[in-house]
$ cat work25.cif   # mmCIF, C-alpha atoms
data_data
#
loop_
_atom_site.label_atom_id
_atom_site.label_comp_id
_atom_site.auth_asym_id
_atom_site.auth_seq_id
_atom_site.Cartn_x
_atom_site.Cartn_y
_atom_site.Cartn_z
CA MET A 187 20.64 -28.10 14.01
CA ILE A 188 21.52 -25.42 16.54
CA TYR A 189 21.59 -22.89 13.70
CA LEU A 190 18.06 -23.82 12.73
CA PHE A 191 17.03 -23.29 16.34
CA TYR A 192 18.70 -19.86 16.35
CA LEU A 193 17.00 -18.97 13.09
CA ILE A 194 13.52 -19.95 14.23
CA VAL A 195 13.63 -18.82 17.86
CA TYR A 196 15.77 -15.67 17.65
CA GLY A 197 15.30 -14.91 13.99
CA PHE A 198 11.57 -15.32 13.79
CA LEU A 199 9.64 -15.79 17.04
CA PHE A 200 11.54 -13.32 19.20
CA THR A 201 11.95 -10.71 16.49
CA ALA A 202 8.38 -10.94 15.28
CA THR A 203 6.98 -10.55 18.80
CA ALA A 204 9.32 -7.68 19.61
CA GLY A 205 8.62 -6.07 16.24
CA LEU A 206 4.86 -6.23 16.67
CA ILE A 207 5.11 -4.76 20.16
CA ALA A 208 7.38 -2.06 18.72
CA SER A 209 4.83 -1.30 16.04
CA TRP A 210 2.17 -0.93 18.75
CA ILE A 211 4.45 1.51 20.62
CA ASP A 212 4.98 3.38 17.37
CA ARG A 213 1.25 3.64 16.66
CA LYS A 214 0.42 4.57 20.25
CA VAL A 215 3.06 7.30 20.43
CA THR A 216 1.90 8.62 17.06
CA ALA A 217 -1.65 8.73 18.39
CA ARG A 218 -0.63 10.53 21.57
CA VAL A 219 1.39 13.08 19.59
CA GLN A 220 -1.77 13.81 17.62
CA TYR A 221 -3.96 13.92 20.79
CA ARG A 222 -5.67 10.65 19.92
CA VAL A 223 -6.17 7.53 22.01
CA GLY A 224 -4.51 5.00 19.75
CA PRO A 225 -4.98 1.31 19.05
CA PRO A 226 -5.40 -1.46 21.67
CA PHE A 227 -2.32 -3.48 22.57
CA PHE A 228 -3.05 -6.60 20.54
CA GLN A 229 -4.00 -4.73 17.38
CA PRO A 230 -0.75 -5.42 15.40
CA PHE A 231 -1.05 -9.16 16.22
CA ILE A 232 -4.70 -9.20 15.19
CA ASP A 233 -3.86 -7.40 11.94
CA ILE A 234 -1.23 -9.97 10.94
CA VAL A 235 -3.44 -12.95 11.83
CA LYS A 236 -6.33 -11.38 9.93
CA LEU A 237 -4.20 -10.85 6.81
CA MET A 238 -3.11 -14.50 6.92
CA GLY A 239 -6.76 -15.53 6.59
CA LYS A 240 -7.56 -13.36 3.59
CA GLU A 241 -7.57 -14.04 -0.08
CA THR A 242 -4.33 -13.50 -2.03
CA LEU A 243 -4.94 -11.87 -5.38
CA VAL A 244 -2.34 -12.04 -8.14
CA PRO A 245 -2.77 -9.50 -10.96
CA GLU A 246 -3.26 -11.05 -14.37
CA ALA A 247 -0.35 -9.18 -15.95
CA ALA A 248 2.07 -9.83 -13.07
CA SER A 249 4.99 -12.21 -13.18
CA ARG A 250 3.46 -14.78 -10.86
CA PHE A 251 6.53 -16.45 -9.39
CA THR A 252 8.48 -13.26 -8.69
CA PHE A 253 5.39 -11.56 -7.32
CA LEU A 254 4.82 -14.31 -4.77
CA ALA A 255 8.51 -15.01 -4.00
CA ALA A 256 9.48 -11.39 -3.26
CA PRO A 257 7.89 -11.13 0.24
CA LEU A 258 9.35 -14.52 1.15
CA MET A 259 12.82 -13.30 0.16
CA GLY A 260 12.43 -10.13 2.20
CA ILE A 261 11.26 -11.87 5.36
CA THR A 262 14.06 -14.45 5.07
CA GLY A 263 16.63 -11.67 4.82
CA VAL A 264 15.36 -10.04 8.01
CA MET A 265 15.21 -13.41 9.80
CA VAL A 266 18.85 -14.24 9.01
CA ALA A 267 20.01 -10.74 9.92
CA SER A 268 18.18 -10.73 13.25
CA ALA A 269 19.42 -14.25 14.04
CA ILE A 270 23.02 -13.08 13.52
CA LEU A 271 22.47 -10.01 15.71
CA CYS A 272 20.69 -11.89 18.51
CA VAL A 273 23.21 -14.73 18.61
CA ASN A 274 26.07 -12.25 18.88
CA ASP A 275 24.28 -10.31 21.54
CA VAL A 276 23.15 -13.21 23.73
CA HIS A 277 25.94 -15.78 23.31
CA THR A 278 28.99 -13.55 23.09
CA GLY A 279 31.88 -14.93 21.10
CA SER A 280 29.82 -17.10 18.77
CA GLY A 281 30.07 -14.75 15.80
CA PHE A 282 32.31 -15.07 12.77
CA VAL A 283 34.77 -12.66 11.16
CA GLY A 284 33.01 -10.07 9.05
CA ASP A 285 29.49 -10.50 10.41
CA VAL A 286 29.06 -6.71 10.47
CA ILE A 287 29.50 -6.73 6.69
CA VAL A 288 27.11 -9.66 6.29
CA ALA A 289 24.51 -7.85 8.40
CA VAL A 290 24.85 -4.70 6.27
CA TYR A 291 24.26 -6.74 3.14
CA LEU A 292 21.30 -8.56 4.67
CA PHE A 293 19.65 -5.27 5.61
CA THR A 294 19.39 -4.33 1.93
CA VAL A 295 17.52 -7.56 1.14
CA PRO A 296 14.12 -6.27 2.39
CA SER A 297 14.42 -3.16 0.23
CA LEU A 298 15.42 -5.33 -2.74
CA SER A 299 12.41 -7.56 -2.14
CA ILE A 300 10.12 -4.53 -2.15
CA ILE A 301 11.66 -3.41 -5.45
CA MET A 302 11.26 -6.91 -6.92
CA GLY A 303 7.65 -7.15 -5.81
CA GLY A 304 6.86 -3.68 -7.08
CA PHE A 305 8.24 -4.31 -10.54
CA ALA A 306 6.74 -7.82 -10.71
CA SER A 307 3.22 -6.58 -10.03
CA ARG A 308 3.27 -4.48 -13.23
CA ASN A 309 1.20 -1.67 -11.81
CA PRO A 310 2.30 1.82 -12.87
CA LEU A 311 2.13 3.17 -9.31
CA ALA A 312 4.03 0.15 -7.98
CA THR A 313 6.72 0.63 -10.63
CA LEU A 314 7.02 4.29 -9.70
CA GLY A 315 7.34 3.38 -6.04
CA ALA A 316 9.93 0.70 -6.76
CA SER A 317 12.07 3.09 -8.78
CA ARG A 318 11.87 5.62 -5.95
CA GLU A 319 12.93 2.92 -3.50
CA MET A 320 15.97 2.21 -5.72
CA LYS A 321 17.01 5.86 -5.64
CA LEU A 322 16.49 5.94 -1.89
CA ILE A 323 18.78 2.91 -1.41
CA LEU A 324 21.47 4.63 -3.48
CA SER A 325 21.15 7.72 -1.30
CA TYR A 326 21.23 6.27 2.23
CA GLU A 327 23.62 3.36 1.78
CA LEU A 328 26.80 5.50 1.66
CA PRO A 329 26.28 7.45 4.93
CA PHE A 330 25.03 4.27 6.65
CA ILE A 331 28.21 2.37 5.78
CA LEU A 332 30.36 5.35 6.82
CA ALA A 333 28.52 5.47 10.16
CA ILE A 334 29.17 1.76 10.70
CA LEU A 335 32.81 2.33 9.78
CA VAL A 336 33.12 4.67 12.77
CA ALA A 337 32.13 1.86 15.15
CA VAL A 338 34.58 -0.46 13.41
CA ILE A 339 37.45 2.05 13.65
CA LYS A 340 36.63 2.88 17.27
CA SER A 341 36.78 -0.74 18.36
CA GLY A 342 40.29 -1.18 16.92
CA PHE A 343 39.31 -2.36 13.42
CA SER A 344 37.30 -5.38 14.51
CA VAL A 345 34.76 -6.36 11.88
CA THR A 346 32.84 -8.65 14.21
CA LEU A 347 29.79 -7.60 16.20
CA GLY A 348 31.27 -9.49 19.16
CA GLY A 349 34.45 -7.40 18.98
CA ILE A 350 32.49 -4.16 18.92
CA LEU A 351 30.42 -5.30 21.91
CA ASP A 352 33.54 -6.37 23.86
CA PHE A 353 35.17 -3.00 23.21
CA GLN A 354 32.08 -1.21 24.53
CA ALA A 355 31.84 -3.46 27.58
CA GLN A 356 35.34 -2.33 28.58
CA ASN A 357 35.51 1.29 27.37
CA GLY A 358 31.91 2.55 27.54
CA PHE A 359 29.52 3.32 24.73
CA ILE A 360 30.86 4.36 21.35
CA ALA A 361 28.07 6.95 21.18
CA GLY A 362 29.65 8.59 24.22
CA SER A 363 32.56 9.96 22.15
CA LEU A 364 32.22 12.87 19.73
CA SER A 365 32.76 10.85 16.55
CA GLY A 366 30.50 8.09 17.83
CA PHE A 367 27.73 10.54 18.59
CA LEU A 368 27.89 12.10 15.11
CA ALA A 369 27.87 8.65 13.51
CA PHE A 370 24.92 7.65 15.71
CA LEU A 371 22.95 10.69 14.51
CA ALA A 372 23.67 9.83 10.87
CA GLY A 373 22.80 6.22 11.63
CA ILE A 374 19.37 7.14 13.05
CA LEU A 375 18.55 9.17 9.94
CA CYS A 376 19.61 6.29 7.67
CA VAL A 377 17.53 3.84 9.73
CA GLN A 378 14.56 6.15 9.32
CA ALA A 379 14.98 5.91 5.55
CA LYS A 380 15.60 2.16 5.64
CA LEU A 381 12.36 1.69 7.58
CA GLY A 382 10.54 3.90 5.08
CA LEU A 383 9.08 6.15 7.76
CA VAL A 384 7.67 9.55 7.15
CA PRO A 385 10.23 12.06 6.01
CA PHE A 386 11.57 9.32 3.73
CA ASP A 387 8.45 7.28 2.98
CA ILE A 388 8.72 8.47 -0.61
CA ALA A 389 8.62 4.93 -1.98
CA GLU A 390 5.21 4.15 -0.55
CA ALA A 391 3.67 7.57 -0.18
CA GLU A 392 0.15 6.62 0.91
CA THR A 393 -1.51 9.79 -0.27
CA GLU A 394 0.10 10.14 -3.68
CA ILE A 395 0.92 6.67 -4.99
CA THR A 396 -1.19 4.65 -2.49
CA SER A 397 1.46 2.44 -0.82
CA GLY A 398 3.57 2.22 -3.98
CA PRO A 399 5.21 -1.19 -4.47
CA LEU A 400 2.74 -2.89 -2.10
CA ILE A 401 -0.36 -1.70 -3.94
CA GLU A 402 -1.16 -5.02 -5.62
CA TYR A 403 -0.41 -7.18 -2.58
CA SER A 404 -3.20 -8.61 -0.48
CA GLY A 405 -3.79 -11.37 2.04
CA VAL A 406 -0.84 -13.53 3.03
CA THR A 407 1.72 -11.71 0.90
CA LEU A 408 0.73 -8.33 2.33
CA GLY A 409 0.84 -9.87 5.80
CA MET A 410 4.40 -11.01 5.15
CA TYR A 411 5.42 -7.53 4.04
CA LYS A 412 3.77 -6.00 7.09
CA LEU A 413 5.52 -8.51 9.35
CA MET A 414 8.81 -7.83 7.59
CA LYS A 415 8.45 -4.09 8.19
CA ASN A 416 7.56 -4.63 11.84
CA MET A 417 10.53 -6.96 12.28
CA LEU A 418 12.78 -4.34 10.68
CA LEU A 419 11.39 -1.81 13.14
CA PHE A 420 12.92 -3.94 15.87
CA VAL A 421 16.06 -5.17 14.12
CA LEU A 422 17.46 -1.92 12.70
CA PRO A 423 17.41 0.04 16.00
CA PHE A 424 18.82 -3.12 17.62
CA PHE A 425 21.72 -3.01 15.14
CA LEU A 426 22.35 0.63 16.05
CA ILE A 427 22.26 -0.28 19.76
CA ILE A 428 24.85 -3.01 19.20
CA LEU A 429 27.11 -0.67 17.24
CA PHE A 430 26.84 2.46 19.38
CA LEU A 431 25.10 1.76 22.68
CA GLY A 432 26.66 -1.47 23.90
CA GLY A 433 24.01 -3.99 22.91
CA LEU A 434 21.01 -5.39 24.76
CA ARG A 435 21.27 -7.77 27.71
CA PHE A 436 18.52 -10.06 28.90
CA ASP A 437 19.63 -11.16 32.38
CA GLY A 438 17.98 -9.95 35.58
CA ILE A 439 17.48 -6.22 35.99
CA GLN A 440 19.47 -5.54 32.81
CA ILE A 441 16.40 -6.43 30.76
CA LEU A 442 14.70 -3.26 31.98
CA TYR A 443 17.69 -1.14 30.97
CA SER A 444 17.76 -2.81 27.54
CA ALA A 445 14.06 -2.17 27.00
CA LEU A 446 14.61 1.47 27.99
CA LYS A 447 17.47 1.85 25.47
CA TYR A 448 15.42 0.34 22.68
CA ALA A 449 12.25 2.26 23.53
CA GLY A 450 14.28 5.48 23.63
CA ILE A 451 15.52 5.03 20.06
CA LEU A 452 12.06 3.95 18.93
CA VAL A 453 10.44 7.05 20.39
CA VAL A 454 13.07 9.28 18.73
CA ILE A 455 12.28 7.62 15.40
CA THR A 456 8.53 8.01 15.96
CA VAL A 457 8.85 11.66 16.93
CA ILE A 458 10.95 12.38 13.81
CA ARG A 459 8.27 10.62 11.82
CA ASN A 460 5.47 12.68 13.33
CA THR A 461 7.04 16.10 13.12
CA ASN A 462 8.20 16.09 9.52
CA PRO A 463 6.47 16.29 6.15
CA ARG A 464 7.37 13.91 3.35
CA LEU A 465 10.35 14.93 1.22
CA ARG A 466 10.52 14.65 -2.55
CA ILE A 467 12.92 12.02 -3.87
CA ASP A 468 15.41 14.61 -5.13
CA GLN A 469 15.32 16.40 -1.77
CA ALA A 470 15.96 13.10 0.02
CA VAL A 471 18.92 12.22 -2.21
CA ARG A 472 20.37 15.72 -1.76
CA PHE A 473 19.85 15.46 2.01
CA PHE A 474 21.65 12.12 2.31
CA TRP A 475 24.49 12.87 -0.09
CA GLY A 476 24.94 16.35 1.35
CA PRO A 477 24.63 16.96 5.13
CA VAL A 478 24.36 13.35 6.30
CA THR A 479 27.37 12.12 4.30
CA ILE A 480 29.39 15.13 5.45
CA ILE A 481 28.52 14.40 9.09
CA SER A 482 29.52 10.76 8.61
CA ILE A 483 32.82 11.71 6.92
CA ILE A 484 33.62 14.14 9.76
CA ALA A 485 32.82 11.33 12.22
CA VAL A 486 35.15 8.92 10.39
CA VAL A 487 37.98 11.50 10.36
CA LEU A 488 37.46 12.21 14.08
CA ALA A 489 37.46 8.48 14.79
CA PHE A 490 40.81 8.16 13.00
CA LEU A 491 42.15 11.00 15.15
CA GLY A 492 40.94 9.11 18.21
CA LEU A 493 38.23 11.49 19.37
CA MET B 164 -16.26 4.84 -2.40
CA SER B 165 -18.56 7.61 -3.51
CA THR B 166 -21.24 6.63 -6.02
CA GLY B 167 -22.58 10.00 -6.93
CA SER B 168 -23.00 11.36 -3.43
CA CYS B 169 -23.17 15.04 -2.57
CA ASN B 170 -19.84 14.64 -0.72
CA ASN B 171 -21.33 15.32 2.68
CA CYS B 172 -21.19 11.71 3.85
CA ASP B 173 -17.58 11.51 2.65
CA ILE B 174 -16.65 14.49 4.80
CA GLU B 175 -18.37 12.90 7.81
CA ILE B 176 -16.37 9.70 7.16
CA LEU B 177 -13.15 11.74 7.13
CA ASP B 178 -14.24 13.22 10.46
CA CYS B 179 -14.03 9.75 11.99
CA LEU B 180 -10.26 9.79 11.41
CA THR B 181 -9.71 13.06 13.26
CA PRO B 182 -8.37 13.21 16.84
CA ARG B 183 -11.85 14.01 18.16
CA PHE B 184 -13.41 10.74 17.00
CA ASP B 185 -10.28 8.59 16.38
CA ILE B 186 -11.46 5.25 15.05
CA GLU B 187 -7.97 3.82 15.56
CA ARG B 188 -9.24 3.16 19.11
CA PHE B 189 -11.06 0.21 17.56
CA GLY B 190 -8.06 -0.71 15.42
CA MET B 191 -9.33 0.78 12.17
CA ILE B 192 -7.16 2.74 9.80
CA LEU B 193 -7.60 4.26 6.38
CA ALA B 194 -6.31 1.92 3.67
CA GLY B 195 -4.55 3.39 0.65
CA SER B 196 -5.65 0.76 -1.82
CA ILE B 197 -8.74 -1.46 -2.00
CA LYS B 198 -6.49 -4.55 -1.93
CA HIS B 199 -5.41 -3.64 1.60
CA ALA B 200 -8.94 -2.97 2.82
CA ASP B 201 -11.45 -5.10 4.72
CA ILE B 202 -14.40 -2.77 4.67
CA LEU B 203 -15.80 -0.85 1.72
CA LEU B 204 -17.78 2.22 2.71
CA VAL B 205 -20.27 3.15 0.00
CA THR B 206 -21.89 6.55 -0.06
CA GLY B 207 -24.25 8.08 -2.58
CA SER B 208 -27.25 6.97 -4.52
CA GLY B 209 -25.46 4.73 -7.00
CA ASN B 210 -25.90 6.22 -10.46
CA ARG B 211 -25.48 4.33 -13.71
CA LYS B 212 -21.92 5.45 -14.43
CA SER B 213 -20.49 4.69 -11.02
CA MET B 214 -22.20 1.33 -10.49
CA GLU B 215 -19.86 -0.46 -12.90
CA ARG B 216 -16.88 0.96 -11.03
CA VAL B 217 -18.32 -0.02 -7.66
CA LYS B 218 -18.78 -3.56 -8.90
CA ARG B 219 -15.20 -3.67 -10.14
CA ILE B 220 -13.87 -2.28 -6.86
CA TYR B 221 -15.94 -4.82 -4.92
CA GLU B 222 -14.56 -7.66 -7.03
CA GLN B 223 -10.99 -6.46 -6.46
CA MET B 224 -11.40 -6.47 -2.69
CA PRO B 225 -9.79 -9.59 -1.13
CA LYS B 226 -12.50 -11.70 0.54
CA PRO B 227 -13.71 -12.11 3.28
CA ALA B 228 -14.71 -8.48 3.16
CA LEU B 229 -17.56 -6.32 4.40
CA VAL B 230 -19.58 -3.56 2.81
CA VAL B 231 -21.08 -0.66 4.74
CA ALA B 232 -23.69 1.64 3.22
CA VAL B 233 -23.26 5.11 4.72
CA GLY B 234 -26.07 7.62 4.51
CA GLU B 235 -29.65 7.76 3.35
CA CYS B 236 -28.78 7.66 -0.38
CA ALA B 237 -26.74 4.47 -0.10
CA MET B 238 -29.53 2.84 1.95
CA SER B 239 -32.53 3.64 -0.17
CA ARG B 240 -31.43 6.13 -2.84
CA GLY B 241 -32.97 8.88 -0.68
CA MET B 242 -34.46 11.72 -2.69
CA PHE B 243 -33.18 10.17 -5.95
CA ILE B 244 -35.50 7.18 -5.68
CA HIS B 245 -37.50 8.24 -8.74
CA SER B 246 -34.49 9.39 -10.73
CA TYR B 247 -33.83 7.91 -14.19
CA ASN B 248 -30.18 7.74 -13.24
CA CYS B 249 -30.43 5.54 -10.14
CA PRO B 250 -32.21 2.36 -11.28
CA VAL B 251 -31.30 0.03 -8.41
CA PRO B 252 -30.19 0.50 -4.81
CA ILE B 253 -26.70 -0.61 -3.82
CA ASP B 254 -27.80 -3.70 -1.93
CA LYS B 255 -29.18 -5.16 -5.16
CA ILE B 256 -25.67 -4.97 -6.63
CA MET B 257 -23.61 -6.38 -3.79
CA PRO B 258 -24.22 -7.72 -0.28
CA VAL B 259 -24.35 -4.91 2.26
CA ASP B 260 -23.53 -5.90 5.83
CA ILE B 261 -24.70 -2.85 7.69
CA TYR B 262 -26.62 0.34 6.93
CA ILE B 263 -25.93 3.64 8.63
CA PRO B 264 -28.87 6.07 8.30
CA GLY B 265 -28.65 9.85 8.33
CA CYS B 266 -28.28 12.65 5.86
CA PRO B 267 -25.38 12.82 6.52
CA PRO B 268 -24.89 10.43 9.47
CA LYS B 269 -23.00 11.95 12.36
CA PRO B 270 -19.49 10.58 12.94
CA GLU B 271 -20.84 9.16 16.21
CA ALA B 272 -23.48 7.26 14.24
CA ILE B 273 -20.85 5.88 11.85
CA ILE B 274 -18.67 4.74 14.75
CA ALA B 275 -21.68 3.16 16.52
CA GLY B 276 -22.61 1.33 13.32
CA ILE B 277 -19.10 0.01 12.74
CA VAL B 278 -18.80 -1.18 16.34
CA LYS B 279 -22.11 -3.02 15.92
CA LEU B 280 -20.66 -4.56 12.76
CA ILE B 281 -17.62 -5.77 14.72
CA GLU B 282 -19.95 -7.40 17.27
CA LYS B 283 -21.95 -8.99 14.45
CA VAL B 284 -18.81 -10.48 12.90
CA LYS B 285 -17.68 -11.80 16.29
CA LYS B 286 -21.08 -13.45 16.81
CA GLN B 287 -20.93 -15.07 13.37
CA LYS B 288 -17.58 -16.58 14.23
CA SER B 289 -18.70 -18.17 17.48
#

$ encode --input "work25.cif" --output "structure tokens"
Amino acid sequence: MIYLFYLIVYGFLFTATAGLIASWIDRKVTARVQYRVGPPFFQPFIDIVKLMGKETLVPEAASRFTFLAAPLMGITGVMVASAILCVNDVHTGSGFVGDVIVAVYLFTVPSLSIIMGGFASRNPLATLGASREMKLILSYELPFILAILVAVIKSGFSVTLGGILDFQAQNGFIAGSLSGFLAFLAGILCVQAKLGLVPFDIAEAETEITSGPLIEYSGVTLGMYKLMKNMLLFVLPFFLIILFLGGLRFDGIQILYSALKYAGILVVITVIRNTNPRLRIDQAVRFFWGPVTIISIIAVVLAFLGL
Amino acid sequence: MSTGSCNNCDIEILDCLTPRFDIERFGMILAGSIKHADILLVTGSGNRKSMERVKRIYEQMPKPALVVAVGECAMSRGMFIHSYNCPVPIDKIMPVDIYIPGCPPKPEAIIAGIVKLIEKVKKQKS
């Protein structure tokens, strides 16, 4: 029963609210970078509510069940992942062995759901986008796991989020050391790709393949995908904060500090997104398997040496 | 959606997205696909070839949805009113919620029209 409570309150309500606020910050910062005014505060909420009230169209040629189940699968994956992260962060010591690994697996579920939905809709552009998303997963997963490995090594080979947080509470942030900082850099780039933001938004390039895998979605299903992406916008930086910046705390004045940490990462992500053009898929794969993987490997070696 | 327009209205619509006019202030963004859109902007006089496509696009748009006719041609076929190629105006083909006059309408006029449309929708709700 308590797990259901965690799943609904932390996994859904908290994450969805935080994610929608984050998406407003993202849009507002983007607008200010481009010398625009930007959307009003409640716009992301209004958008989601509006999409829930619209008609859901299913293409005639699509595989109906998979097409409608894919967004549900994605949003469930994010909910479980964020519930695990929040429970570890708020009630320390209530995690289980290996929850870092579980979280890493759960973070691929949204991408898988996008691929499933794209292929199920049987639209040529959606298929193209889904295949690009597959290649993108192959490219960023390796450096991301190596970056996480640094946090695991640093905290004395603990594969629990609680262990990593405890280590940082006693010894300072992992990102404060050289290896931790390199891993954090690689992690931010991988998160950028996982979120599908601009240098790596190859899968849903709006101007060339018109939102790719999501092209056939409308109404409630599109709303679920939008909500999933906004939740990811909160959860993935949160995961990085737990691994490298000592987690978020919600008691007293600490809440301000936590918000500052999160907003800092979010603004970095937004600025990267606004100052870079979209890469081609081969350039993205080369980028992740080349420089980013090398940085992560150097970070792992340095972590082994204790730097 | 351009139905045989001279492209001038389309350029004025693009102007609305620029930093100077910035319609994201009112929460509007450009949608990549018609299935993600709420409003269909129609420009041009509606010639025979494009009318079938406009109908198909309108049917693909998830309802409830709104249609805005931008420019003189989309309102009344403008100077093409006697043309063999433009038999009916757009509002005979599908319901048009608001008309924005001008040849081409200024971006300010488009924004004013859309804001009026938002007020109209709000009034309908209450």

$ atom_distance --input "work25.cif" --atom1 "atom CA of Ile174 of chain B" --atom2 "atom CA of Val215 of chain A"
26.2 Å

$ interface_residues --input "work25.cif" --of "chain A" --to "chain B" --cutoff "6 Å" --atoms "all atoms listed in the file" --output "PDB file with C-alpha atoms, in the frame of the given file"
ATOM      1  CA  TYR A 221      -3.960  13.920  20.790  1.00  0.00           C
ATOM      2  CA  ARG A 222      -5.670  10.650  19.920  1.00  0.00           C
ATOM      3  CA  GLY A 224      -4.510   5.000  19.750  1.00  0.00           C
ATOM      4  CA  PRO A 225      -4.980   1.310  19.050  1.00  0.00           C
ATOM      5  CA  GLU A 241      -7.570 -14.040  -0.080  1.00  0.00           C
ATOM      6  CA  GLU A 392       0.150   6.620   0.910  1.00  0.00           C
ATOM      7  CA  THR A 396      -1.190   4.650  -2.490  1.00  0.00           C
ATOM      8  CA  SER A 404      -3.200  -8.610  -0.480  1.00  0.00           C
TER       9      SER A 404
END

$ atom_distance --input "work25.cif" --atom1 "atom CA of Gly239 of chain A" --atom2 "atom CA of Gln287 of chain B"
15.7 Å

$ closest_residue --input "work25.cif" --among "A:Leu258, A:Val283, A:Ala248, A:Cys272" --to "Leu434 of chain A" --atoms "all atoms listed in the file"
A:Cys272

$ residues_near_point --input "work25.cif" --point "(-32.6, 9.1, 1.6)" --cutoff "10 Å" --atoms "all atoms listed in the file" --output "NGL selection string"
:B and (207-208 or 234-244 or 264-267)

$ atom_distance --input "work25.cif" --atom1 "atom CA of Ser209 of chain A" --atom2 "atom CA of Asn416 of chain A"
6.0 Å

$ closest_residue --input "work25.cif" --among "A:Ile287, A:Leu328, A:Leu418, A:Leu271" --to "Ile483 of chain A" --atoms "all atoms listed in the file"
A:Leu328

$ residues_around --input "work25.cif" --residues "Arg250 of chain A" --least-positions-apart "5" --cutoff "10 Å" --atoms "all atoms listed in the file" --output "list in words"
Val244, Pro245, Ala255, Ala306 and Ser307 of chain A

$ resolve_selection --input "work25.cif" --expression "the PyMOL selection byres ((chain A and resi 208) around 9)" --output "list in words"
Thr203, Ala204, Gly205, Leu206, Ile207, Ser209, Trp210, Ile211, Asp212, Arg213, Asn416, Met417, Leu419, Phe420, Ala449 and Leu452 of chain A

$ closest_residue --input "work25.cif" --among "A:Ile232, A:Ala247, A:Ala369, A:Leu237" --to "Val336 of chain A" --atoms "all atoms listed in the file"
A:Ala369

$ residues_around --input "work25.cif" --residues "Ile339 of chain A" --least-positions-apart "5" --cutoff "8 Å" --atoms "all atoms listed in the file" --output "NGL selection string"
:A and (344 or 486 or 489-490)

$ resolve_selection --input "work25.cif" --expression "the PyMOL selection byres ((chain A and resi 475) around 12)" --output "number ranges by chain"
A: 321-330, 332, 372, 376, 468-474, 476-483

$ residues_around --input "work25.cif" --residues "segment 269-271 of chain B" --least-positions-apart "4" --cutoff "7 Å" --atoms "all atoms listed in the file" --output "PyMOL selection string"
chain B and resi 175-176+178-179+275

$ closest_residue --input "work25.cif" --among "B:Lys255, B:Lys218, B:Lys286, B:Lys279" --to "Leu203 of chain B" --atoms "all atoms listed in the file"
B:Lys218

$ resolve_selection --input "work25.cif" --expression "the PyMOL selection byres ((chain B and resi 249) around 7)" --output "PyMOL selection string"
chain B and resi 208-211+243-244+246-248+250-251

$ write_last_selection --input "work25.cif" --atoms "C-alpha atoms" --output "mmCIF file, in the coordinates of the input"
data_model
loop_
_atom_site.group_PDB
_atom_site.id
_atom_site.type_symbol
_atom_site.label_atom_id
_atom_site.label_comp_id
_atom_site.auth_asym_id
_atom_site.auth_seq_id
_atom_site.Cartn_x
_atom_site.Cartn_y
_atom_site.Cartn_z
ATOM 1 C CA SER B 208 -27.250 6.970 -4.520
ATOM 2 C CA GLY B 209 -25.460 4.730 -7.000
ATOM 3 C CA ASN B 210 -25.900 6.220 -10.460
ATOM 4 C CA ARG B 211 -25.480 4.330 -13.710
ATOM 5 C CA PHE B 243 -33.180 10.170 -5.950
ATOM 6 C CA ILE B 244 -35.500 7.180 -5.680
ATOM 7 C CA SER B 246 -34.490 9.390 -10.730
ATOM 8 C CA TYR B 247 -33.830 7.910 -14.190
ATOM 9 C CA ASN B 248 -30.180 7.740 -13.240
ATOM 10 C CA PRO B 250 -32.210 2.360 -11.280
ATOM 11 C CA VAL B 251 -31.300 0.030 -8.410
#

$ residues_around --input "work25.cif" --residues "Leu408 of chain A" --least-positions-apart "3" --cutoff "10 Å" --atoms "all atoms listed in the file" --output "list in words"
Ile234, Leu237, Met238, Lys240, Thr242, Pro257, Leu400, Ile401, Glu402, Tyr403, Ser404, Gly405, Tyr411, Lys412, Leu413 and Met414 of chain A; Lys198 and His199 of chain B

$ residues_around --input "work25.cif" --residues "Asp173 of chain B" --least-positions-apart "3" --cutoff "9 Å" --atoms "all atoms listed in the file" --output "list in words"
Met164, Ser165, Ser168, Cys169, Asn170, Ile176, Leu177, Asp178, Thr206, Val233 and Pro267 of chain B

$ closest_residue --input "work25.cif" --among "A:Met265, A:Arg435, A:Ala217, A:Val377" --to "Ile194 of chain A" --atoms "all atoms listed in the file"
A:Met265

$ residues_near_point --input "work25.cif" --point "(-23.0, -4.9, 1.7)" --cutoff "10 Å" --atoms "all atoms listed in the file" --output "list in words"
Ile202, Leu203, Leu204, Val205, Tyr221, Ala228, Leu229, Val230, Val231, Ala232, Ile253, Asp254, Lys255, Ile256, Met257, Pro258, Val259, Asp260, Ile261 and Tyr262 of chain B

$ build_atoms --input "work25.cif" --residues "segment 308-312 of chain A" --atoms "N, CA and C atoms" --output "PDB file, in the frame of the given file"
ATOM      1  N   ARG A 308       3.580  -5.165 -11.972  1.00  0.00           N
ATOM      2  CA  ARG A 308       3.270  -4.480 -13.230  1.00  0.00           C
ATOM      3  C   ARG A 308       2.119  -3.489 -13.099  1.00  0.00           C
ATOM      4  N   ASN A 309       2.161  -2.747 -12.009  1.00  0.00           N
ATOM      5  CA  ASN A 309       1.200  -1.670 -11.810  1.00  0.00           C
ATOM      6  C   ASN A 309       1.993  -0.380 -11.946  1.00  0.00           C
ATOM      7  N   PRO A 310       1.496   0.607 -12.681  1.00  0.00           N
ATOM      8  CA  PRO A 310       2.300   1.820 -12.870  1.00  0.00           C
ATOM      9  C   PRO A 310       2.703   2.488 -11.562  1.00  0.00           C
ATOM     10  N   LEU A 311       1.783   2.532 -10.586  1.00  0.00           N
ATOM     11  CA  LEU A 311       2.130   3.170  -9.310  1.00  0.00           C
ATOM     12  C   LEU A 311       3.182   2.351  -8.568  1.00  0.00           C
ATOM     13  N   ALA A 312       3.056   1.001  -8.658  1.00  0.00           N
ATOM     14  CA  ALA A 312       4.030   0.150  -7.980  1.00  0.00           C
ATOM     15  C   ALA A 312       5.402   0.322  -8.617  1.00  0.00           C
TER      16      ALA A 312
END
